[in-house]
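Visitor: Dumping the structure here so I can ask a few things about it.
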Amino acid sequence: MNKMMKKDNLTWIAIKTGLLSGVIAIFLCLIGMVEVFSKRDVVEKIITLGDFILLATAVSAGVIAARAASQTDQQRQPLKFLFAGALAGITTGVLIAAFIGLSQQINLRSVFLSASPSLFNLLTFKGGTSWIWMYPAIGIAAGLLGTTLFLLPEKFRQPITRAIFITFLMALFSGLFRVVMINQSSGIAKLAKYLFGQTGLTLSGAIIFFVAVVAISMFWSARSKNLQEGFARIPKRGQTSIRGVVFALLAYVVLMLPQVSGPFIAQVIVIVSLYALMGLGLNITLGFAGLLDLGFVAFFAVGAYTVGLLTSYGIFGLQHIPFWVAAPIAVLVSMMFGAFLGLPVLGIRGDYLAIATLGFGEIVRLLAGSDFLAPFFGGPQGIIGIQKPCLGTLGEFIRVDVPRVCNGLEFAGPKEIYYLAVASAILVAFIALRLQRSRLGRAWMAIREDEDVAEALGINLIQTKLLAYMLGAAFAGLGGAIFTVLVGSIFATSMQLIVSINVVALIIVGGMGSIPGVIVGAIALIGMPELLREVSEYRFLFYGAALIMMMLAKPEGLWPSQATLRELHHEDAGEDSEIAPAKSSQAKA
Amino acid sequence: MRTSFGERLLDLAVSGFLWGFRILIVLIVVLGTFLTIRAGKYTGEQWIDFVVFGISQGSIYALIALGYTMVYGILRMINFAHGEIFMSGAFGGYFIATWLTGIGFMDKYPVLGLIFSMLFGMLISTLIALLVERIAYRPLRGAPRLVPLISAIGASFFLQYTFRGFFGPGVYAYPSMKALEGQWMFFGIGILKVQIVVAIAAFVMMAILYSIVMFTKIGKAMRAVSENKDVAALMGIDVNRIIVTTFALGAAMAGAAGVLYALTYRQVNFFIGFTPGIKAFTAAVLGGIGNIPGAMVGGLVLGIVESVGPALFLDSLGIPRPYQLKDAIAYIMLVMILLFRPSGILGERVSKKA
């Protein structure tokens, strides 16, 4: 009897999983993702990206069903698992088939824009409804595949999942790789054509990547310990020199990258660096001192406008000094502005602080873009004609609307500004790292943990908080200064609230209070979506989903600092006690 | 404790700064009002127009603000995705209204048609809010403050771009209702019908919500939970169910607000939830967050100040196109409230505890 119950339970779980993934598959169809993605290939002529995501829903249904089965049933009976996986897969398939059948009966397009005839042509392989029986069949296969993956011993499962993931990434970025490699010497160009097709990986490329990753990761899991021990056995001086060589190689790659990769990738890296700059700034206010600022873009705007006003050769330029003088002034002005905005909110805590700063950010943007201050800041027309940085002497003006001539190296485009941005990010990261360990850094953390106790310990709250705002603002101001010369113009519309939110999100995703975390967060949240411009329609959808999943699965961030880890497992245990404790607090160390 | 001279100077600077800020704002308001009234640029009728528009806009803010305030009252969490819930309601209302107009129902029974579209909008927004609560918020209960906030930001993006995927980036024109075109005359002053209907509908919704919270058993339970979750649970209240109910009620109000907003502006788009969402949040803080009558008052005050403010305070100070600064007035008001009366107009909670 008991066994029957269990089996029923398993069946129900499998069906539920299948239904869920079927709903997700239909969702992907209705938001138009399947149709758009079917123009891209994962493996050329074999599987499109659209097919891939549909298939992935069924496969993951199989994996989840098998995992659920392993939880209800302690003895691992493979047959039962396969049954659950197949059931989940077939449910997914039936649901998709039902969706296609339904769409033939009623016109979904009157509501859902993406339920277009071309989507259904795609889904039915241009054969009308006669082909939809395929879906349950494919569903079973995919579900079984998922279950098999789950049942494989750890030794094989990990390399294979890793290989699938990396091959998929390669396919996503294949266009980028191809463009970069094809401009190199003929050998590399040939290799590029062999591995990467026009829209995705070639079959041979996919196989090569898959096999290579499986081989490397199996080799690594078997040998990594030996290698580490081997490294430890090398004498100290040898170790330092190996590290030096690795560092020199890294530096060489960073230096050469824009020359090899072309302006697009350089621009993406510049934007990532700018966000990293802002992130490092906010990391001081939020990560170290615990002051949530949702209007951080204000400081970015101050830096940008200062440089703009000081260097522009357009009508709004007050001065026409070189960038190298204007940038430090911009940093100073941002710092003062940080103090100016920090002063009134000193006494406000928690959520209220977030809202007040959000208000400040919006006020700055609205004022900068209004006709009221247009005589100073250009209003909606913005400030244009910003002089690019120049290493060397600046010549004379010819006319007002013509830049001064640069006698030397001009940082004209993203390929040159890359060096400026990356160097600033590294410098600021270094400063932040030093600050973290300093007396001031420890004072900030004390305030973050408990303001009242910190005050009792003799920390001057006003001074310490103001310094947090000022230094954070300074970093953001530097980011704004570089942004201005990258774009060559400033508009108030680029200072949206969304920038502030992005910065907060990247800090949290990277790991609050962790400096490497900021860099990782900037790459993950800003760099990846920028690189995937081709599917840009859905970048914010992924962004949102990623934020939610991140918070559900790994709220401490991708690269958490030790302090945050500890804090996360202790905070809120007292006052606002939980009804349903989150996963993180269950895993108390 | 010995305080150094420098520290005392800093203290002095801070309070001086705050006083300066206060005086500046008061000066602008008083001087602006005085000059505007003396200049007599606007007629009495125009002022009434401003106020009526402010009330109708403010009642929409108030409806949205209720959702923020109730959720905050219970979970101490800013539901950042609430603006998107509002937007989903507007879409729900749009589709049903288009359909009803298409079959001629809307012209025959305009009141019923309006009620149906509001109900449908509320249904959609409630469903979506429950889904969001289940997926993005419930697993995070008890996690540190920032975690649900980020999750809510994620949900906001996700919903926005889901709707963009479903319905495209274009702007949908909300069908016009013949019954709502034109003006009604009150004592010789013409007032747009739409604005009156919107305000009345919003007040009815608020009255319904208020009576649910104050006079039903579930409302009592909600108040108990917002007071103290643990004690409420000990009294036999199913806290989880109450939280879900709170989300549902807040979302229903937002959905109704979405339909009313669409009725006023006649435009529906995936992005319309953003600005009203933030404004409504401002309204909730203005009235004292966690306080239900406060949200209503805050919404109305925000709506009226936003509508009257640019003309009253700024116009005669020589600021060109003061309407561009309408949002800035709203945010300055928000900052002022947070600085000088953080508990809001009607609030009791003290910010230092937040």
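Following the order of the structure tokens, first chain is A, next is B, and so on, with residues numbered from 1 inside each chain and ligands from 1 in the order they appear.
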Determine, using only C-alpha atoms, which residues of chain B have any atom at most 6 Å from an atom of chain A, and tabulate each with its shortest atom pair and distance in Å to one decimal place, rows ordered by chain and then rising number, as CSV.
Guide:
residue,atom,partner,partner_atom,distance
B:Pro139,CA,A:Ala582,CA,5.8
B:Leu140,CA,A:Ala582,CA,5.2
B:Arg141,CA,A:Ala582,CA,5.9
B:Gly142,CA,A:Glu578,CA,4.4
B:Ala143,CA,A:Ala582,CA,5.7
B:Ser151,CA,A:Ile548,CA,4.6
B:Gly154,CA,A:Gly544,CA,3.8
B:Ala155,CA,A:Gly544,CA,5.8
B:Phe157,CA,A:Gly544,CA,4.9
B:Phe158,CA,A:Gly544,CA,4.6
B:Tyr161,CA,A:Leu541,CA,5.3
B:Gly165,CA,A:Ile31,CA,4.0
B:Phe166,CA,A:Ile31,CA,4.7
B:Phe167,CA,A:Leu113,CA,5.1
B:Ile319,CA,A:Phe372,CA,5.4
B:Pro320,CA,A:Phe372,CA,5.6
B:Ala328,CA,A:Ile363,CA,5.1
B:Tyr331,CA,A:Gly359,CA,5.0
B:Val335,CA,A:Ala356,CA,5.3
B:Ala354,CA,A:Gly350,CA,5.6
Visitor: Which residues, written as a PyMOL selection string, have at least one atom at most 12 Å from A:Gln436, with only C-alpha atoms counted and residues fewer than 2 positions away on the same chain left out?
Guide: chain A and resi 280+283-285+287-289+429-434+438-446+468+513-515+561+563
Visitor: Export C-alpha atoms of the chosen residues as a short mmCIF file (atom, residue, chain, number, x, y, z; two decimals), in the first residue's frame?
Guide:
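Final output, saved to part_9.cif:
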data_model
loop_
_atom_site.label_atom_id
_atom_site.label_comp_id
_atom_site.auth_asym_id
_atom_site.auth_seq_id
_atom_site.Cartn_x
_atom_site.Cartn_y
_atom_site.Cartn_z
CA LEU A 280 33.58 50.02 -6.91
CA ASN A 283 30.73 49.15 -3.12
CA ILE A 284 32.21 51.65 -0.69
CA THR A 285 28.91 53.28 0.20
CA GLY A 287 29.22 47.22 0.40
CA PHE A 288 31.49 48.64 3.08
CA ALA A 289 29.39 51.23 4.88
CA ALA A 429 40.19 48.64 -7.54
CA PHE A 430 43.62 48.92 -5.95
CA ILE A 431 42.60 52.00 -3.96
CA ALA A 432 39.43 50.27 -2.83
CA LEU A 433 41.41 47.22 -1.78
CA ARG A 434 43.73 49.37 0.30
CA SER A 438 42.49 50.60 6.41
CA ARG A 439 41.25 52.14 9.64
CA LEU A 440 38.58 53.96 7.66
CA GLY A 441 37.46 50.73 5.97
CA ARG A 442 37.08 49.03 9.31
CA ALA A 443 35.09 51.99 10.60
CA TRP A 444 32.75 51.69 7.62
CA MET A 445 32.19 48.03 8.29
CA ALA A 446 31.51 48.76 11.93
CA ALA A 468 31.88 56.92 2.28
CA GLY A 513 31.62 44.20 -0.16
CA SER A 514 33.84 42.07 -2.36
CA ILE A 515 36.11 43.87 -4.83
CA SER A 561 33.66 38.35 0.60
CA ALA A 563 32.47 39.02 5.87
#
Visitor: Might you pull out every residue within 9 Å of stretch 43-50 of chain B, with only C-alpha atoms counted and same-chain residues fewer than 6 positions away left off, and present them as an NGL selection string?
Guide: :B and (189-192 or 304 or 307-308)
Visitor: Can those selected residues be exported to a file as a CSV table (one decimal), in the first residue's frame so that it contains C-alpha atoms?
Guide:
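This went into part.csv:
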chain,number,residue,atom,x,y,z
B,189,ILE,CA,-17.3,75.1,-15.0
B,190,GLY,CA,-16.6,72.4,-17.4
B,191,ILE,CA,-14.8,69.3,-16.2
B,192,LEU,CA,-13.7,66.4,-18.3
B,304,ILE,CA,-2.5,67.7,-6.7
B,307,SER,CA,-0.5,69.2,-11.1
B,308,VAL,CA,-0.7,72.6,-9.4
Visitor: Would you list the contacts of B:Met222 as an NGL selection string, taking every protein, DNA or RNA residue within 9 Å and counting only C-alpha atoms, but skipping same-chain residues closer than 5 positions in sequence?
Guide: :B and (70 or 74 or 213 or 217 or 227 or 239 or 242-243 or 245-246)
Visitor: In Å, with one decimal, what is the gap from atom CA of A:Ile426 to atom CA of A:Leu172?
Guide: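 That distance, rounded to one decimal, is 28.8 Å.
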Visitor: Residues at most 12 Å from B:Glu306, counting only C-alpha atoms, excluding those fewer than 3 positions away in the same chain, as an MDAnalysis selection string?
Guide: chainID B and resid 50:58 61 279 282:283 298:303 309:314 322:334
Visitor: Please write the residues from the selection above to a file, keeping C-alpha atoms, as an mmCIF file, in the first residue's frame.
Guide:
data_model
loop_
_atom_site.group_PDB
_atom_site.id
_atom_site.type_symbol
_atom_site.label_atom_id
_atom_site.label_comp_id
_atom_site.auth_asym_id
_atom_site.auth_seq_id
_atom_site.Cartn_x
_atom_site.Cartn_y
_atom_site.Cartn_z
ATOM 1 C CA PHE B 50 -5.369 71.710 -12.399
ATOM 2 C CA VAL B 51 -6.883 70.555 -9.138
ATOM 3 C CA VAL B 52 -9.357 68.198 -10.762
ATOM 4 C CA PHE B 53 -6.665 66.701 -12.927
ATOM 5 C CA GLY B 54 -4.529 66.367 -9.818
ATOM 6 C CA ILE B 55 -7.302 64.573 -7.952
ATOM 7 C CA SER B 56 -7.950 62.143 -10.780
ATOM 8 C CA GLN B 57 -4.238 61.477 -11.257
ATOM 9 C CA GLY B 58 -3.693 61.339 -7.510
ATOM 10 C CA TYR B 61 -1.429 56.986 -7.541
ATOM 11 C CA LYS B 279 5.422 57.969 -8.140
ATOM 12 C CA THR B 282 6.595 58.221 -3.377
ATOM 13 C CA ALA B 283 2.939 58.650 -2.485
ATOM 14 C CA GLY B 298 -0.333 60.650 0.004
ATOM 15 C CA GLY B 299 -1.532 59.764 -3.475
ATOM 16 C CA LEU B 300 -3.986 62.625 -3.595
ATOM 17 C CA VAL B 301 -1.499 65.129 -2.204
ATOM 18 C CA LEU B 302 1.132 64.020 -4.671
ATOM 19 C CA GLY B 303 -1.274 64.201 -7.585
ATOM 20 C CA GLY B 309 2.890 72.960 -8.366
ATOM 21 C CA PRO B 310 4.642 73.863 -11.606
ATOM 22 C CA ALA B 311 2.188 76.652 -12.331
ATOM 23 C CA LEU B 312 1.897 77.833 -8.765
ATOM 24 C CA PHE B 313 5.481 77.741 -7.528
ATOM 25 C CA LEU B 314 7.700 77.868 -10.563
ATOM 26 C CA PRO B 322 7.815 74.488 -15.583
ATOM 27 C CA TYR B 323 5.915 71.320 -16.512
ATOM 28 C CA GLN B 324 9.167 69.565 -17.236
ATOM 29 C CA LEU B 325 9.920 69.871 -13.544
ATOM 30 C CA LYS B 326 6.655 68.298 -12.430
ATOM 31 C CA ASP B 327 8.425 65.069 -11.519
ATOM 32 C CA ALA B 328 11.225 66.972 -9.832
ATOM 33 C CA ILE B 329 8.647 68.643 -7.579
ATOM 34 C CA ALA B 330 7.329 65.209 -6.649
ATOM 35 C CA TYR B 331 10.800 63.953 -5.758
ATOM 36 C CA ILE B 332 11.755 67.095 -3.852
ATOM 37 C CA MET B 333 8.594 66.633 -1.849
ATOM 38 C CA LEU B 334 9.628 63.042 -1.204
#
Visitor: I'd like the contact shell of stretch 303-309 of chain A - 6 Å cut-off, only C-alpha atoms, skipping same-chain residues fewer than 2 positions apart - returned as a list in words.
Guide: Phe300, Ala301, Thr311, Ser312, Gly317, Leu318, Ala326, Ala330, Ser334, Ile386, Gly477, Gly480, Ala481 and Thr484 of chain A
Visitor: Would you save the residues of that selection, restricted to C-alpha atoms, as a PDB file, in the first residue's frame?
Guide:
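See part-v1.pdb below for the written result:
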ATOM      1  CA  PHE A 300      28.184  59.702 -12.609  1.00  0.00           C
ATOM      2  CA  ALA A 301      26.241  62.593 -14.115  1.00  0.00           C
ATOM      3  CA  THR A 311      36.422  70.416 -22.356  1.00  0.00           C
ATOM      4  CA  SER A 312      33.603  70.896 -24.849  1.00  0.00           C
ATOM      5  CA  GLY A 317      31.936  74.672 -23.053  1.00  0.00           C
ATOM      6  CA  LEU A 318      33.059  76.989 -20.262  1.00  0.00           C
ATOM      7  CA  ALA A 326      39.386  68.210 -16.332  1.00  0.00           C
ATOM      8  CA  ALA A 330      35.506  66.198 -12.181  1.00  0.00           C
ATOM      9  CA  SER A 334      31.772  64.671  -7.693  1.00  0.00           C
ATOM     10  CA  ILE A 386      33.625  67.084 -26.201  1.00  0.00           C
ATOM     11  CA  GLY A 477      32.558  60.657 -11.145  1.00  0.00           C
ATOM     12  CA  GLY A 480      31.295  59.582 -15.784  1.00  0.00           C
ATOM     13  CA  ALA A 481      34.333  61.525 -16.962  1.00  0.00           C
ATOM     14  CA  THR A 484      31.842  61.466 -21.634  1.00  0.00           C
TER      15      THR A 484
END
Visitor: Between atom CA of A:Leu227 and atom CA of A:Arg162, measure the distance and give it in Å to one decimal.
Guide: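 Spanning atom CA of A:Leu227 to atom CA of A:Arg162 is a straight-line distance of 21.0 Å.
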Visitor: So how far away is atom CA of B:Phe95 from atom CA of B:Glu181, in Å?
Guide: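 Computed distance, atom CA of B:Glu181 to atom CA of B:Phe95, equals 20.2 Å.
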Visitor: With DSSP run on the backbone, what are the helix (DSSP H, G or I) residues within stretch 92-243 of chain B? I'd like them as number ranges by chain.
Guide: B: 92-102, 105-108, 110-140, 146-167, 178-180, 193-215, 217-227, 229-234, 239-243
